[in-house]
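**Student:** What follows is a single structure, and I will ask about it in a moment.
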Amino acid sequence: AAQARARQRALDVDFATVRAPISGRISDRRVDVGNLVSGDNNANATLLTTINALDPIYFTFDASEALFLKTQRERAAHAAPAHVQVRLQDEAAYRWQGKLDFTDNGIDPHSGTIRVRAVLANPDGFLTPGMFGNMRLAEGGSVKALLVPDDAVHPDQARKIVLTLDKDDTVVAKPVELGPMVGGLRVVRSGLSPSDRVVISNYQAAMTGAKVKPVRGSITLDAKAGATPTPGAEPASEPQAAQATLSH
């Protein structure tokens, strides 16, 4: 009996040293040295502190069904995890690199989104759980597209139209199929050709069938201020991003 008690006390001493199963950044201690703690596996257990694993770190987000389908088709073609790029709130460029490692097993029918997770290397611990950022697919490639100011797109009952000028400088309305917003400009997927002249200002005077005296201009992309008709710049393109948060 004495030997059994001695072994029990030795086991209690071993249990007094708590080793973390993961490495990461530890929070402040919740219990001072000398206080009694409970190790019950229920609500009565004493919380000593919390540890967040930082390297690697997870980036979780809700992806749209369109983004999910794009990822699935690329995965079928390349048979490799899709690479992603992340931009934090105070950053202008997508400098953080990662890859998708988890996709949920179903799309939420109420929101049309699916939960997806990417894993990012974080050797210096700069990324912290709870940070908010934008994510985009790094393997989306480049696509030629026509971009116009969003103000140049007008509703016409159940369709969208863009006002253009024919060779006689007469206003002609063309129905278009729209894409996402990119840097303040609207992507036009179909309905326009590169040779079309689009009305980008003075929309009130540009009535369908009216003959006007056009003044040539161009469209510039400004991610902060939006698109404004100014002379001489070619539009750039940027993949559409999804917003998400980092977790440990």
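Lettering and numbering for the structure tokens are positional, with chains as A, B, ... in the shown order, residues counted from 1 in each chain, and ligands counted from 1 in the shown order.
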Would you list, as a PyMOL selection string, the residues of stretch 10-230 of chain A that end up in strand (DSSP E) under DSSP run on this structure's backbone?
**Tutor:** chain A and resi 25-26+51-52+57-64+83-88+96-103+113-120+132-137+146-149+153-156+159-165+171-182+185-190+197-198+219-220+228-229
**Student:** If you run DSSP on this backbone, which residues of stretch 35-83 of chain A come out as alpha helix (DSSP H), and could you give them as an MDAnalysis selection string?
**Tutor:** chainID A and resid 65:78
**Student:** Got a sec: who's within 8 Å of A:Leu120, counting only C-alpha atoms, leaving out chain neighbours fewer than 4 positions off, as a PyMOL selection string?
**Tutor:** chain A and resi 55-59+96-99
**Student:** If we count only C-alpha atoms, what is near stretch 34-45 of chain A at a cut-off of 10 Å, once residues fewer than 3 positions away on the same chain are taken out, given as a list of chain:residue names?
**Tutor:**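 Counting only C-alpha atoms, the residues come to A:Phe15, A:Ala16, A:Val31, A:Leu48.
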**Student:** Sort by chain and increasing residue number a table of all residues of stretch 100-159 of chain A within 12 Å of stretch 72-92 of chain A, each with its closest pair of atoms and their distance in Å to one decimal, counting only C-alpha atoms, and write it as a tab-separated table.
**Tutor:**
residue	atom	partner	partner_atom	distance
A:Leu100	CA	A:Ala82	CA	5.6
A:Asp101	CA	A:Pro81	CA	6.9
A:Phe102	CA	A:Pro81	CA	9.4
A:Thr103	CA	A:Gln72	CA	10.2
A:Val116	CA	A:Ala82	CA	11.5
A:Arg117	CA	A:Val84	CA	10.3
A:Ala118	CA	A:Val84	CA	7.5
A:Val119	CA	A:Val84	CA	9.1
A:Leu120	CA	A:Val84	CA	9.0
A:Ala121	CA	A:Val86	CA	11.6
A:Phe126	CA	A:Leu88	CA	11.3
A:Leu127	CA	A:Leu88	CA	9.3
A:Thr128	CA	A:Leu88	CA	11.1
A:Gly130	CA	A:Leu88	CA	11.6
A:Met131	CA	A:Leu88	CA	7.8
A:Phe132	CA	A:Leu88	CA	6.5
A:Gly133	CA	A:Leu88	CA	4.4
A:Asn134	CA	A:Arg87	CA	5.2
A:Met135	CA	A:Val86	CA	4.5
A:Arg136	CA	A:Gln85	CA	5.4
A:Leu137	CA	A:Val84	CA	4.5
A:Ala138	CA	A:Val84	CA	4.9
A:Glu139	CA	A:His83	CA	6.4
A:Gly140	CA	A:Glu74	CA	8.8
A:Gly141	CA	A:Glu74	CA	11.0
**Student:** Identify, on the basis of only C-alpha atoms, every residue whose closest approach to A:Asn52 does not exceed 10 Å; exclude the query and any residue fewer than 5 positions from it along the same chain; express the result as a list in words.
**Tutor:**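 The residues that qualify are Ile22, Ser23, Gly24, Arg25, Ile26, Ser27, Ile57, Thr128, Pro129, Ser247 and His248 of chain A.
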**Student:** Only all heavy atoms, please: the residues just picked out, written as a tab-separated table (two decimals), in the first residue's frame.
**Tutor:**
chain	number	residue	atom	x	y	z
A	22	ILE	N	1.18	21.66	-29.03
A	22	ILE	CA	1.52	22.42	-30.24
A	22	ILE	C	2.47	23.54	-29.86
A	22	ILE	O	2.56	23.93	-28.69
A	22	ILE	CB	0.27	23.01	-30.94
A	22	ILE	CG1	-0.46	23.98	-29.98
A	22	ILE	CG2	-0.66	21.91	-31.43
A	22	ILE	CD1	-1.61	24.72	-30.62
A	23	SER	N	3.17	24.05	-30.85
A	23	SER	CA	4.00	25.23	-30.64
A	23	SER	C	3.29	26.44	-31.22
A	23	SER	O	2.53	26.32	-32.18
A	23	SER	CB	5.37	25.05	-31.30
A	23	SER	OG	5.22	24.88	-32.70
A	24	GLY	N	3.54	27.60	-30.64
A	24	GLY	CA	2.88	28.80	-31.11
A	24	GLY	C	3.08	29.94	-30.14
A	24	GLY	O	4.01	29.95	-29.34
A	25	ARG	N	2.18	30.91	-30.22
A	25	ARG	CA	2.25	32.09	-29.35
A	25	ARG	C	1.29	31.91	-28.18
A	25	ARG	O	0.09	31.67	-28.37
A	25	ARG	CB	1.90	33.35	-30.14
A	25	ARG	CG	2.00	34.64	-29.34
A	25	ARG	CD	1.67	35.82	-30.23
A	25	ARG	NE	2.62	35.93	-31.34
A	25	ARG	CZ	2.37	36.61	-32.45
A	25	ARG	NH1	1.19	37.20	-32.62
A	25	ARG	NH2	3.29	36.68	-33.40
A	26	ILE	N	1.83	32.03	-26.98
A	26	ILE	CA	1.02	31.79	-25.78
A	26	ILE	C	0.48	33.11	-25.25
A	26	ILE	O	1.10	34.17	-25.39
A	26	ILE	CB	1.87	31.07	-24.70
A	26	ILE	CG1	0.99	30.55	-23.57
A	26	ILE	CG2	2.95	32.00	-24.14
A	26	ILE	CD1	1.70	29.63	-22.62
A	27	SER	N	-0.70	33.05	-24.66
A	27	SER	CA	-1.33	34.22	-24.06
A	27	SER	C	-0.85	34.36	-22.61
A	27	SER	O	0.05	33.65	-22.16
A	27	SER	CB	-2.85	34.08	-24.14
A	27	SER	OG	-3.48	35.21	-23.58
A	57	ILE	N	-0.41	28.98	-40.70
A	57	ILE	CA	-1.64	29.58	-40.21
A	57	ILE	C	-2.72	29.39	-41.27
A	57	ILE	O	-2.43	29.33	-42.47
A	57	ILE	CB	-1.43	31.08	-39.89
A	57	ILE	CG1	-2.59	31.63	-39.09
A	57	ILE	CG2	-1.19	31.89	-41.15
A	57	ILE	CD1	-2.32	33.01	-38.50
A	128	THR	N	-1.50	37.05	-37.60
A	128	THR	CA	-2.07	36.77	-36.28
A	128	THR	C	-3.52	36.33	-36.43
A	128	THR	O	-4.25	36.89	-37.25
A	128	THR	CB	-2.00	38.02	-35.38
A	128	THR	OG1	-0.63	38.45	-35.29
A	128	THR	CG2	-2.54	37.73	-33.99
A	129	PRO	N	-3.95	35.31	-35.68
A	129	PRO	CA	-5.35	34.88	-35.76
A	129	PRO	C	-6.31	36.04	-35.53
A	129	PRO	O	-6.11	36.86	-34.64
A	129	PRO	CB	-5.46	33.83	-34.65
A	129	PRO	CG	-4.08	33.29	-34.52
A	129	PRO	CD	-3.16	34.45	-34.78
A	247	SER	N	-7.14	32.22	-38.99
A	247	SER	CA	-7.41	31.46	-37.77
A	247	SER	C	-6.21	30.59	-37.46
A	247	SER	O	-5.37	30.35	-38.32
A	247	SER	CB	-8.68	30.60	-37.92
A	247	SER	OG	-8.49	29.66	-38.96
A	248	HIS	N	-6.14	30.10	-36.22
A	248	HIS	CA	-4.99	29.29	-35.82
A	248	HIS	C	-5.26	27.81	-36.07
A	248	HIS	O	-6.37	27.41	-36.26
A	248	HIS	CB	-4.68	29.51	-34.34
A	248	HIS	CG	-5.79	29.14	-33.41
A	248	HIS	ND1	-6.86	29.98	-33.15
A	248	HIS	CD2	-6.02	27.99	-32.73
A	248	HIS	CE1	-7.69	29.36	-32.30
A	248	HIS	NE2	-7.22	28.18	-32.03
**Student:** May I have the residues within 12 Å of A:Lys211 as a PyMOL selection string, using only C-alpha atoms and disregarding those fewer than 5 positions away in the same chain?
**Tutor:** chain A and resi 164-172+205-206
